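A.B. asks: Here you go, this is data.tsv (TSV, C-alpha atoms).
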chain	number	residue	atom	x	y	z
A	1281	MET	CA	4.25	34.82	16.86
A	1282	GLY	CA	5.37	32.79	13.86
A	1283	SER	CA	4.13	29.31	13.07
A	1284	ILE	CA	5.90	26.35	14.64
A	1285	TYR	CA	8.24	24.55	12.25
A	1286	ILE	CA	7.35	20.89	11.76
A	1287	PRO	CA	10.19	18.97	10.11
A	1288	PRO	CA	9.41	16.57	7.24
A	1289	VAL	CA	8.49	13.04	8.23
A	1290	ARG	CA	11.33	10.64	7.43
A	1291	LEU	CA	9.47	7.94	5.50
A	1292	ALA	CA	11.36	4.82	4.37
A	1293	ILE	CA	9.71	3.05	1.43
A	1294	LEU	CA	10.42	-0.67	1.65
A	1295	GLU	CA	10.31	-1.91	-1.94
A	1296	ALA	CA	8.97	-5.47	-1.96
A	1297	ASP	CA	9.12	-5.91	-5.75
A	1298	THR	CA	10.53	-4.55	-9.00
A	1299	PRO	CA	8.04	-2.76	-11.28
A	1300	VAL	CA	7.05	-4.10	-14.69
A	1301	PRO	CA	9.10	-2.60	-17.56
A	1302	GLY	CA	6.89	0.37	-18.47
A	1303	ILE	CA	6.55	1.52	-14.86
A	1304	LYS	CA	10.26	0.97	-14.23
A	1305	ALA	CA	11.21	3.03	-17.28
A	1306	LYS	CA	9.09	5.99	-16.10
A	1307	TYR	CA	9.50	5.89	-12.31
A	1308	GLY	CA	12.61	3.78	-11.69
A	1309	SER	CA	11.31	1.78	-8.74
A	1310	TYR	CA	8.28	1.62	-6.49
A	1311	GLY	CA	9.91	4.35	-4.46
A	1312	GLY	CA	9.45	6.57	-7.51
A	1313	VAL	CA	5.84	5.45	-7.91
A	1314	PHE	CA	5.03	6.45	-4.33
A	1315	ARG	CA	6.91	9.72	-4.71
A	1316	TYR	CA	4.62	10.54	-7.66
A	1317	LEU	CA	1.56	9.65	-5.56
A	1318	PHE	CA	2.62	11.85	-2.65
A	1319	GLU	CA	3.51	14.71	-4.99
A	1320	ARG	CA	-0.06	14.67	-6.29
A	1321	ALA	CA	-1.44	14.45	-2.77
A	1322	CYS	CA	0.60	17.48	-1.64
A	1323	ALA	CA	-0.48	19.41	-4.75
A	1324	SER	CA	-4.13	18.68	-3.91
A	1325	LEU	CA	-3.96	20.20	-0.43
A	1326	ASP	CA	-5.46	23.60	0.31
A	1327	PRO	CA	-3.14	25.38	0.02
A	1328	PRO	CA	-0.79	23.15	-2.01
A	1329	VAL	CA	2.57	22.38	-0.42
A	1330	PRO	CA	5.80	20.97	-1.85
A	1331	LEU	CA	6.46	17.32	-1.08
A	1332	SER	CA	9.84	18.19	0.45
A	1333	SER	CA	8.14	20.21	3.19
A	1334	VAL	CA	6.07	17.21	4.28
A	1335	LEU	CA	8.10	14.05	3.62
A	1336	GLU	CA	11.76	13.09	3.42
A	1337	LEU	CA	11.62	9.92	1.33
A	1338	SER	CA	14.14	7.09	1.06
A	1339	SER	CA	13.80	3.81	-0.85
A	1340	HIS	CA	15.11	0.39	0.17
A	1341	ASP	CA	15.20	-2.77	-1.97
A	1342	ILE	CA	14.51	-5.32	0.75
A	1343	VAL	CA	14.06	-8.25	-1.67
A	1344	ASN	CA	17.54	-8.26	-3.19
A	1345	ASP	CA	19.46	-6.85	-0.22
A	1346	LEU	CA	18.66	-8.35	3.17
A	1347	ASN	CA	20.69	-5.59	4.81
A	1348	ALA	CA	18.85	-2.71	3.11
A	1349	TYR	CA	16.65	-1.93	6.11
A	1350	PRO	CA	17.13	1.49	7.69
A	1351	ASP	CA	17.95	1.78	11.37
A	1352	PRO	CA	14.58	2.55	13.03
A	1353	GLU	CA	16.28	5.30	15.01
A	1354	THR	CA	16.96	7.22	11.78
A	1355	ILE	CA	13.37	7.22	10.44
A	1356	ASP	CA	9.87	8.16	11.56
A	1357	ALA	CA	7.82	5.75	9.47
A	1358	ILE	CA	7.94	2.91	6.95
A	1359	LEU	CA	5.74	2.21	3.93
A	1360	ILE	CA	5.69	-1.39	2.70
A	1361	SER	CA	4.89	-1.64	-1.00
A	1362	GLY	CA	2.87	-4.17	-2.93
A	1363	SER	CA	4.47	-7.25	-4.45
A	1364	LYS	CA	3.81	-10.20	-6.76
A	1365	TYR	CA	4.94	-12.46	-3.91
A	1366	SER	CA	2.75	-13.88	-1.13
A	1367	ALA	CA	3.07	-12.46	2.38
A	1368	TYR	CA	2.41	-15.88	3.96
A	1369	GLU	CA	5.42	-17.54	2.32
A	1370	ASN	CA	8.61	-18.18	4.30
A	1371	ASP	CA	11.30	-16.94	1.91
A	1372	GLU	CA	14.09	-15.43	3.99
A	1373	TRP	CA	13.41	-11.86	2.85
A	1374	ILE	CA	9.67	-12.16	3.64
A	1375	VAL	CA	10.38	-13.55	7.12
A	1376	ARG	CA	12.91	-10.77	7.73
A	1377	LEU	CA	10.43	-8.12	6.53
A	1378	THR	CA	7.79	-9.51	8.89
A	1379	GLN	CA	10.26	-9.40	11.79
A	1380	TYR	CA	11.34	-5.83	10.98
A	1381	THR	CA	7.72	-4.71	10.71
A	1382	ARG	CA	6.91	-6.30	14.07
A	1383	ARG	CA	9.94	-4.56	15.59
A	1384	CYS	CA	8.70	-1.18	14.33
A	1385	LEU	CA	5.18	-1.80	15.59
A	1386	GLU	CA	6.30	-3.01	19.00
A	1387	GLY	CA	8.73	-0.11	19.39
A	1388	GLY	CA	5.80	2.28	19.23
A	1389	ARG	CA	7.57	5.27	17.66
A	1390	VAL	CA	8.01	4.29	13.99
A	1391	ARG	CA	4.65	4.37	12.22
A	1392	VAL	CA	3.74	1.78	9.62
A	1393	VAL	CA	1.90	2.18	6.30
A	1394	GLY	CA	1.13	-0.79	4.07
A	1395	THR	CA	-0.42	-1.30	0.64
A	1396	CYS	CA	-1.56	-4.69	-0.74
A	1397	PHE	CA	1.33	-7.06	0.11
A	1398	GLY	CA	2.38	-4.51	2.73
A	1399	HIS	CA	-1.11	-4.60	4.26
A	1400	GLN	CA	-0.79	-8.40	4.47
A	1401	ILE	CA	2.71	-8.25	6.00
A	1402	VAL	CA	1.38	-5.98	8.74
A	1403	GLY	CA	-1.45	-8.45	9.35
A	1404	ARG	CA	1.03	-11.33	9.55
A	1405	ALA	CA	3.36	-9.39	11.86
A	1406	MET	CA	0.44	-8.82	14.24
A	1407	GLY	CA	-0.75	-12.42	14.25
A	1408	SER	CA	-3.59	-12.35	11.72
A	1409	GLN	CA	-4.18	-15.18	9.25
A	1410	VAL	CA	-3.02	-14.34	5.74
A	1411	GLY	CA	-3.66	-16.58	2.75
A	1412	LYS	CA	-5.10	-17.09	-0.70
A	1413	ASN	CA	-8.69	-15.93	-1.13
A	1414	ASP	CA	-11.15	-18.63	-2.20
A	1415	ARG	CA	-13.27	-15.88	-3.77
A	1416	GLY	CA	-10.61	-15.18	-6.36
A	1417	TRP	CA	-9.05	-12.04	-7.76
A	1418	GLU	CA	-9.89	-8.37	-7.25
A	1419	LEU	CA	-8.63	-6.26	-10.15
A	1420	SER	CA	-8.73	-2.66	-11.35
A	1421	VAL	CA	-10.84	0.11	-9.85
A	1422	THR	CA	-13.05	-1.40	-7.15
A	1423	GLU	CA	-15.66	0.29	-4.99
A	1424	HIS	CA	-15.39	-0.22	-1.22
A	1425	GLU	CA	-17.92	0.10	1.56
A	1426	LEU	CA	-16.49	2.33	4.29
A	1427	THR	CA	-17.08	2.08	8.00
A	1428	PRO	CA	-17.88	5.34	9.85
A	1429	GLU	CA	-14.22	5.53	10.85
A	1430	GLY	CA	-13.20	4.91	7.23
A	1431	LYS	CA	-15.40	7.76	5.98
A	1432	LYS	CA	-13.87	10.08	8.55
A	1433	LEU	CA	-10.30	9.02	7.87
A	1434	PHE	CA	-10.41	9.01	4.06
A	1435	GLY	CA	-12.73	12.02	3.78
A	1436	VAL	CA	-15.14	10.35	1.30
A	1437	GLU	CA	-18.47	8.52	1.58
A	1438	LYS	CA	-17.42	5.70	-0.77
A	1439	LEU	CA	-13.92	4.72	-1.75
A	1440	SER	CA	-12.75	3.40	-5.13
A	1441	ILE	CA	-9.13	2.40	-5.67
A	1442	HIS	CA	-7.17	0.02	-7.88
A	1443	GLN	CA	-6.83	-3.60	-6.78
A	1444	MET	CA	-4.43	-6.32	-7.90
A	1445	HIS	CA	-4.60	-9.22	-5.46
A	1446	ARG	CA	-5.76	-12.72	-4.68
A	1447	ASP	CA	-4.24	-12.98	-1.18
A	1448	VAL	CA	-6.03	-11.48	1.82
A	1449	VAL	CA	-5.85	-10.76	5.54
A	1450	TYR	CA	-8.62	-12.94	6.93
A	1451	ASP	CA	-9.07	-11.34	10.35
A	1452	LEU	CA	-8.34	-8.00	11.98
A	1453	PRO	CA	-5.29	-7.87	14.24
A	1454	PRO	CA	-5.86	-7.06	17.92
A	1455	GLY	CA	-6.73	-3.39	18.41
A	1456	ALA	CA	-7.08	-2.59	14.71
A	1457	VAL	CA	-10.09	-0.57	13.56
A	1458	PRO	CA	-11.71	-1.70	10.26
A	1459	LEU	CA	-12.00	1.03	7.63
A	1460	ALA	CA	-13.32	-0.66	4.48
A	1461	SER	CA	-14.60	-3.90	2.96
A	1462	THR	CA	-15.78	-5.42	-0.32
A	1463	ASP	CA	-17.79	-8.55	-1.09
A	1464	VAL	CA	-14.58	-10.31	-2.08
A	1465	CYS	CA	-12.38	-9.14	0.81
A	1466	ALA	CA	-13.67	-8.20	4.27
A	1467	VAL	CA	-10.44	-6.64	5.59
A	1468	GLN	CA	-9.71	-3.96	2.98
A	1469	ALA	CA	-8.17	-1.36	5.29
A	1470	MET	CA	-7.27	-0.99	8.96
A	1471	HIS	CA	-5.96	1.61	11.34
A	1472	ILE	CA	-4.50	2.01	14.79
A	1473	PRO	CA	-3.97	5.71	15.60
A	1474	LYS	CA	-0.31	6.74	15.59
A	1475	ARG	CA	0.76	3.14	14.90
A	1476	LEU	CA	-0.46	1.86	11.53
A	1477	ILE	CA	-2.68	2.40	8.52
A	1478	THR	CA	-2.95	-0.13	5.70
A	1479	VAL	CA	-5.03	-0.75	2.59
A	1480	GLN	CA	-5.42	-3.90	0.51
A	1481	GLY	CA	-5.66	-1.84	-2.67
A	1482	HIS	CA	-3.13	0.21	-4.60
A	1483	PRO	CA	-3.64	3.97	-4.20
A	1484	GLU	CA	-0.34	4.47	-6.02
A	1485	PHE	CA	-1.50	2.79	-9.24
A	1486	THR	CA	-2.76	4.69	-12.27
A	1487	GLU	CA	-4.71	3.48	-15.29
A	1488	ASP	CA	-1.57	3.08	-17.41
A	1489	MET	CA	0.19	1.07	-14.70
A	1490	VAL	CA	-2.70	-1.33	-14.21
A	1491	ARG	CA	-3.22	-1.79	-17.96
A	1492	GLU	CA	0.37	-2.95	-18.32
A	1493	ILE	CA	0.17	-5.29	-15.33
A	1494	LEU	CA	-3.10	-6.82	-16.53
A	1495	GLU	CA	-1.72	-7.39	-20.01
A	1496	MET	CA	1.47	-8.99	-18.68
A	1497	ARG	CA	-0.46	-11.27	-16.33
A	1498	ARG	CA	-2.81	-12.37	-19.11
A	1499	TYR	CA	0.14	-13.04	-21.41
A	1500	GLY	CA	1.85	-15.01	-18.62
A	1501	GLY	CA	-1.23	-17.18	-18.07
A	1502	ILE	CA	-1.89	-15.82	-14.55
A	1503	LEU	CA	-5.22	-14.27	-15.51
A	1504	GLY	CA	-7.91	-15.95	-17.57
A	1505	GLU	CA	-9.58	-14.07	-20.40
A	1506	ASP	CA	-12.81	-13.34	-18.51
A	1507	ILE	CA	-10.98	-11.97	-15.47
A	1508	PHE	CA	-8.68	-9.91	-17.70
A	1509	GLU	CA	-11.57	-8.40	-19.66
A	1510	ASP	CA	-13.45	-7.55	-16.45
A	1511	GLY	CA	-10.39	-5.73	-15.15
A	1512	MET	CA	-9.87	-3.86	-18.41
A	1513	ARG	CA	-13.49	-2.66	-18.38
A	1514	ARG	CA	-12.91	-0.84	-15.09
A	1515	VAL	CA	-9.27	0.17	-15.44
A	1516	GLY	CA	-10.09	3.73	-16.52
A	1517	ASN	CA	-12.75	4.41	-13.88
A	1518	LYS	CA	-12.35	7.30	-11.47
A	1519	HIS	CA	-10.43	6.30	-8.36
A	1520	ASP	CA	-9.51	7.85	-5.02
A	1521	GLY	CA	-5.82	7.08	-4.76
A	1522	VAL	CA	-4.93	10.68	-3.95
A	1523	ALA	CA	-7.56	10.79	-1.19
A	1524	VAL	CA	-5.93	7.71	0.35
A	1525	ALA	CA	-2.51	9.36	0.08
A	1526	ARG	CA	-3.85	12.46	1.86
A	1527	ALA	CA	-5.08	10.16	4.64
A	1528	PHE	CA	-1.59	8.63	4.83
A	1529	LEU	CA	-0.12	12.13	5.18
A	1530	ARG	CA	-2.52	13.04	7.98
A	1531	PHE	CA	-1.71	9.77	9.76
A	1532	LEU	CA	2.04	10.39	9.47
A	1533	ARG	CA	1.78	13.91	10.84
A	1534	GLU	CA	-0.86	13.50	13.56
Show how you would write the structure in this file as structure tokens.
C.D. replies:
Amino acid sequence: MGSIYIPPVRLAILEADTPVPGIKAKYGSYGGVFRYLFERACASLDPPVPLSSVLELSSHDIVNDLNAYPDPETIDAILISGSKYSAYENDEWIVRLTQYTRRCLEGGRVRVVGTCFGHQIVGRAMGSQVGKNDRGWELSVTEHELTPEGKKLFGVEKLSIHQMHRDVVYDLPPGAVPLASTDVCAVQAMHIPKRLITVQGHPEFTEDMVREILEMRRYGGILGEDIFEDGMRRVGNKHDGVAVARAFLRFLRE
């Protein structure tokens, strides 16, 4: 008997921001950044597989077009990107994104993935408190402590991924399983089987991407010199973004 054909997962990437110039020039949009991440994840599998056999990706600019959302009946999952905006604000597009995310979660069929801002939107949609962190910024490659479930899900004993945030989810939503934490942010990742997986960090970011963002935020006065230098010291450290992407793939196909 031949193997059973499993069609690609129809994953809609909800783009909650426009990349900085260098990233935009190379990847186009955050949809392109995530495509690059998932290509590397598929190439790292044993045996390697082409991305097209696993995911059917679409990208949607939900900041500048309030009608860009895909019909949930035409997709299997959404991925909410990071953003320079705050998930607790009440701009119309943020409120609409929160409502759409809640609709997907309550429907039960469309799975939800979130990174950074997307992680916070999922928290907000499920009733968690989201706000600015009194402990300040987390930047660049940051080591996380994993829970037993986090070690199992990500396939590593310790997890290091890029960070670029000052906002946090303060408390776990009902039913969510904690996966990771740091001293600065207790809710670093969460999971509900076959419903959601989110991370506060940026598995999609690379050293070059974070260098450019750090430099722009220092130039714009968002980051002080000490914080900037601390981030630059760790920007080239080894990180586990591809391991997180493999976990996303397993979640989407389980």
A.B. asks: What separation in Å, quoted to one decimal, exists between atom CA of Ile1507 of chain A and atom CA of Val1490 of chain A?
C.D. replies: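 Taking atom CA of Ile1507 of chain A and atom CA of Val1490 of chain A, their separation equals 13.5 Å.
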A.B. asks: Counting all atoms listed in the file, what is within 12 Å of Val1448 of chain A, bar same-chain residues fewer than 2 positions away, as an MDAnalysis selection string?
C.D. replies: chainID A and resid 1366:1368 1395:1404 1408:1418 1443:1446 1450:1452 1461:1462 1464:1469 1479:1481
A.B. asks: Which residues are near Arg1513 of chain A? Cut-off 12 Å, all atoms listed in the file, ignore same chain within fewer than 6 positions. Put them as a ChimeraX atom specification.
C.D. replies: /A:1419-1422,1487,1490-1491,1494,1506-1507
A.B. asks: Nearest to Arg1475 of chain A: which of A:Tyr1365, A:Phe1434, A:Phe1314, A:Phe1528 is it, counting all atoms listed in the file?
C.D. replies: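 Among the listed residues, the smallest separation from Arg1475 of chain A belongs to A:Phe1528.
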A.B. asks: Can you measure atom CA of Lys1518 of chain A to atom CA of Glu1336 of chain A for me? One decimal in Å is fine.
C.D. replies: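 Straight-line distance from atom CA of Lys1518 of chain A to atom CA of Glu1336 of chain A works out to 28.9 Å.
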A.B. asks: Just how far from atom CA of His1482 of chain A is atom CA of Leu1346 of chain A, in Å to one decimal?
C.D. replies: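 Separating atom CA of Leu1346 of chain A from atom CA of His1482 of chain A is a distance of 24.7 Å.
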A.B. asks: For Ala1525 of chain A, which of A:Leu1317, A:Met1512, A:Val1300, A:Leu1331 is the closest residue, counting only C-alpha atoms?
C.D. replies: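 Counting only C-alpha atoms, the residue closest to Ala1525 of chain A is A:Leu1317.
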A.B. asks: Pick out the residues sitting within 8 Å of Ser1338 of chain A, and hand them over as an mmCIF file with C-alpha atoms, keeping the file's coordinate frame; count all atoms listed in the file, and ignore anything fewer than 4 positions along from it in its own chain.
C.D. replies:
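Writing the result to part-v3.cif gives the following:
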data_model
loop_
_atom_site.group_PDB
_atom_site.id
_atom_site.type_symbol
_atom_site.label_atom_id
_atom_site.label_comp_id
_atom_site.auth_asym_id
_atom_site.auth_seq_id
_atom_site.Cartn_x
_atom_site.Cartn_y
_atom_site.Cartn_z
ATOM 1 C CA ARG A 1290 11.330 10.640 7.430
ATOM 2 C CA LEU A 1291 9.470 7.940 5.500
ATOM 3 C CA ALA A 1292 11.360 4.820 4.370
ATOM 4 C CA ILE A 1293 9.710 3.050 1.430
ATOM 5 C CA GLY A 1311 9.910 4.350 -4.460
#
A.B. asks: In terms of the shortest atom-to-atom distance over only C-alpha atoms, which of A:Arg1315, A:Ser1332, A:Ala1321, A:Arg1530 is closest to Pro1287 of chain A?
C.D. replies: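 Looking at the shortest contact to Pro1287 of chain A, the residue is A:Ser1332.
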A.B. asks: Could you name the residues that touch Gly1455 of chain A at 10 Å or less, counting all atoms listed in the file, but leaving out those on the same chain fewer than 2 positions away, as a ChimeraX atom specification?
C.D. replies: /A:1406,1452-1453,1457-1458,1470-1473
A.B. asks: For each of A:Ile1502, A:Ile1441, A:Ala1323, A:Ile1493, take the minimum atom-to-atom distance to His1519 of chain A, counting all atoms listed in the file, then give the residue where this is smallest.
C.D. replies: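 Closest to His1519 of chain A, using all atoms listed in the file: A:Ile1441.
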A.B. asks: Residues at most 7 Å from Ile1342 of chain A, counting all atoms listed in the file, excluding those fewer than 2 positions away in the same chain, as a ChimeraX atom specification?
C.D. replies: /A:1294-1296,1340,1344-1346,1348-1349,1373
A.B. asks: Which residue, A:Glu1423, A:Glu1386, A:Glu1505, A:Glu1429, has the smallest gap to Pro1352 of chain A when you use all atoms listed in the file?
C.D. replies: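 The shortest atom-to-atom distance to Pro1352 of chain A comes from A:Glu1386.
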A.B. asks: Around segment 1517-1521 of chain A, with edges along x, y and z and 6 Å added on all six sides, what centre and edge lengths do you get, in Å to one decimal, as AutoDock Vina command-line options?
C.D. replies:
--center_x -9.3 --center_y 6.1 --center_z -9.3 --size_x 18.9 --size_y 15.4 --size_z 21.1
A.B. asks: Using all atoms listed in the file, which residue out of A:Thr1298, A:Thr1486, A:Ser1440, A:Asn1347 lies closest to Gly1362 of chain A?
C.D. replies: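 The answer is A:Thr1298, which sits nearest to Gly1362 of chain A.
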A.B. asks: Rebuild segment 1396-1416 of chain A so that it carries N, CA, C and O atoms, then output the result as a PDB file, keeping the file's coordinate frame.
C.D. replies:
ATOM      1  N   CYS A1396      -1.459  -3.354  -0.152  1.00  0.00           N
ATOM      2  CA  CYS A1396      -1.560  -4.690  -0.740  1.00  0.00           C
ATOM      3  C   CYS A1396      -0.683  -5.702   0.002  1.00  0.00           C
ATOM      4  O   CYS A1396      -0.972  -6.051   1.138  1.00  0.00           O
ATOM      5  N   PHE A1397       0.396  -6.165  -0.574  1.00  0.00           N
ATOM      6  CA  PHE A1397       1.330  -7.060   0.110  1.00  0.00           C
ATOM      7  C   PHE A1397       1.757  -6.472   1.449  1.00  0.00           C
ATOM      8  O   PHE A1397       1.872  -7.193   2.451  1.00  0.00           O
ATOM      9  N   GLY A1398       1.994  -5.163   1.488  1.00  0.00           N
ATOM     10  CA  GLY A1398       2.380  -4.510   2.730  1.00  0.00           C
ATOM     11  C   GLY A1398       1.294  -4.586   3.788  1.00  0.00           C
ATOM     12  O   GLY A1398       1.569  -4.768   4.981  1.00  0.00           O
ATOM     13  N   HIS A1399       0.049  -4.432   3.381  1.00  0.00           N
ATOM     14  CA  HIS A1399      -1.110  -4.600   4.260  1.00  0.00           C
ATOM     15  C   HIS A1399      -1.107  -6.018   4.854  1.00  0.00           C
ATOM     16  O   HIS A1399      -1.328  -6.213   6.058  1.00  0.00           O
ATOM     17  N   GLN A1400      -0.807  -7.001   4.020  1.00  0.00           N
ATOM     18  CA  GLN A1400      -0.790  -8.400   4.470  1.00  0.00           C
ATOM     19  C   GLN A1400       0.396  -8.678   5.396  1.00  0.00           C
ATOM     20  O   GLN A1400       0.257  -9.432   6.372  1.00  0.00           O
ATOM     21  N   ILE A1401       1.547  -8.079   5.116  1.00  0.00           N
ATOM     22  CA  ILE A1401       2.710  -8.250   6.000  1.00  0.00           C
ATOM     23  C   ILE A1401       2.407  -7.695   7.384  1.00  0.00           C
ATOM     24  O   ILE A1401       2.757  -8.298   8.414  1.00  0.00           O
ATOM     25  N   VAL A1402       1.747  -6.539   7.443  1.00  0.00           N
ATOM     26  CA  VAL A1402       1.380  -5.980   8.740  1.00  0.00           C
ATOM     27  C   VAL A1402       0.433  -6.920   9.475  1.00  0.00           C
ATOM     28  O   VAL A1402       0.590  -7.185  10.674  1.00  0.00           O
ATOM     29  N   GLY A1403      -0.554  -7.474   8.744  1.00  0.00           N
ATOM     30  CA  GLY A1403      -1.450  -8.450   9.350  1.00  0.00           C
ATOM     31  C   GLY A1403      -0.680  -9.643   9.901  1.00  0.00           C
ATOM     32  O   GLY A1403      -0.891 -10.064  11.047  1.00  0.00           O
ATOM     33  N   ARG A1404       0.242 -10.182   9.107  1.00  0.00           N
ATOM     34  CA  ARG A1404       1.030 -11.330   9.550  1.00  0.00           C
ATOM     35  C   ARG A1404       1.875 -10.968  10.773  1.00  0.00           C
ATOM     36  O   ARG A1404       1.954 -11.762  11.731  1.00  0.00           O
ATOM     37  N   ALA A1405       2.498  -9.809  10.749  1.00  0.00           N
ATOM     38  CA  ALA A1405       3.360  -9.390  11.860  1.00  0.00           C
ATOM     39  C   ALA A1405       2.582  -9.272  13.167  1.00  0.00           C
ATOM     40  O   ALA A1405       3.148  -9.432  14.255  1.00  0.00           O
ATOM     41  N   MET A1406       1.276  -9.005  13.051  1.00  0.00           N
ATOM     42  CA  MET A1406       0.440  -8.820  14.240  1.00  0.00           C
ATOM     43  C   MET A1406      -0.380 -10.057  14.585  1.00  0.00           C
ATOM     44  O   MET A1406      -1.233 -10.017  15.471  1.00  0.00           O
ATOM     45  N   GLY A1407      -0.122 -11.166  13.885  1.00  0.00           N
ATOM     46  CA  GLY A1407      -0.750 -12.420  14.250  1.00  0.00           C
ATOM     47  C   GLY A1407      -2.010 -12.787  13.511  1.00  0.00           C
ATOM     48  O   GLY A1407      -2.652 -13.795  13.828  1.00  0.00           O
ATOM     49  N   SER A1408      -2.398 -12.015  12.502  1.00  0.00           N
ATOM     50  CA  SER A1408      -3.590 -12.350  11.720  1.00  0.00           C
ATOM     51  C   SER A1408      -3.282 -13.467  10.725  1.00  0.00           C
ATOM     52  O   SER A1408      -2.137 -13.673  10.325  1.00  0.00           O
ATOM     53  N   GLN A1409      -4.331 -14.161  10.296  1.00  0.00           N
ATOM     54  CA  GLN A1409      -4.180 -15.180   9.250  1.00  0.00           C
ATOM     55  C   GLN A1409      -4.154 -14.498   7.891  1.00  0.00           C
ATOM     56  O   GLN A1409      -5.018 -13.676   7.574  1.00  0.00           O
ATOM     57  N   VAL A1410      -3.158 -14.855   7.101  1.00  0.00           N
ATOM     58  CA  VAL A1410      -3.020 -14.340   5.740  1.00  0.00           C
ATOM     59  C   VAL A1410      -2.949 -15.529   4.797  1.00  0.00           C
ATOM     60  O   VAL A1410      -2.250 -16.511   5.070  1.00  0.00           O
ATOM     61  N   GLY A1411      -3.682 -15.461   3.683  1.00  0.00           N
ATOM     62  CA  GLY A1411      -3.660 -16.580   2.750  1.00  0.00           C
ATOM     63  C   GLY A1411      -4.345 -16.249   1.448  1.00  0.00           C
ATOM     64  O   GLY A1411      -4.768 -15.112   1.215  1.00  0.00           O
ATOM     65  N   LYS A1412      -4.456 -17.263   0.591  1.00  0.00           N
ATOM     66  CA  LYS A1412      -5.100 -17.090  -0.700  1.00  0.00           C
ATOM     67  C   LYS A1412      -6.613 -17.025  -0.501  1.00  0.00           C
ATOM     68  O   LYS A1412      -7.176 -17.749   0.314  1.00  0.00           O
ATOM     69  N   ASN A1413      -7.243 -16.148  -1.263  1.00  0.00           N
ATOM     70  CA  ASN A1413      -8.690 -15.930  -1.130  1.00  0.00           C
ATOM     71  C   ASN A1413      -9.460 -16.897  -2.024  1.00  0.00           C
ATOM     72  O   ASN A1413      -9.281 -16.898  -3.250  1.00  0.00           O
ATOM     73  N   ASP A1414     -10.332 -17.693  -1.427  1.00  0.00           N
ATOM     74  CA  ASP A1414     -11.150 -18.630  -2.200  1.00  0.00           C
ATOM     75  C   ASP A1414     -12.092 -17.913  -3.162  1.00  0.00           C
ATOM     76  O   ASP A1414     -12.592 -18.517  -4.120  1.00  0.00           O
ATOM     77  N   ARG A1415     -12.350 -16.630  -2.912  1.00  0.00           N
ATOM     78  CA  ARG A1415     -13.270 -15.880  -3.770  1.00  0.00           C
ATOM     79  C   ARG A1415     -12.590 -15.309  -5.006  1.00  0.00           C
ATOM     80  O   ARG A1415     -13.244 -14.675  -5.827  1.00  0.00           O
ATOM     81  N   GLY A1416     -11.293 -15.545  -5.130  1.00  0.00           N
ATOM     82  CA  GLY A1416     -10.610 -15.180  -6.360  1.00  0.00           C
ATOM     83  C   GLY A1416     -10.002 -13.790  -6.350  1.00  0.00           C
ATOM     84  O   GLY A1416      -9.783 -13.186  -5.303  1.00  0.00           O
TER      85      GLY A1416
END
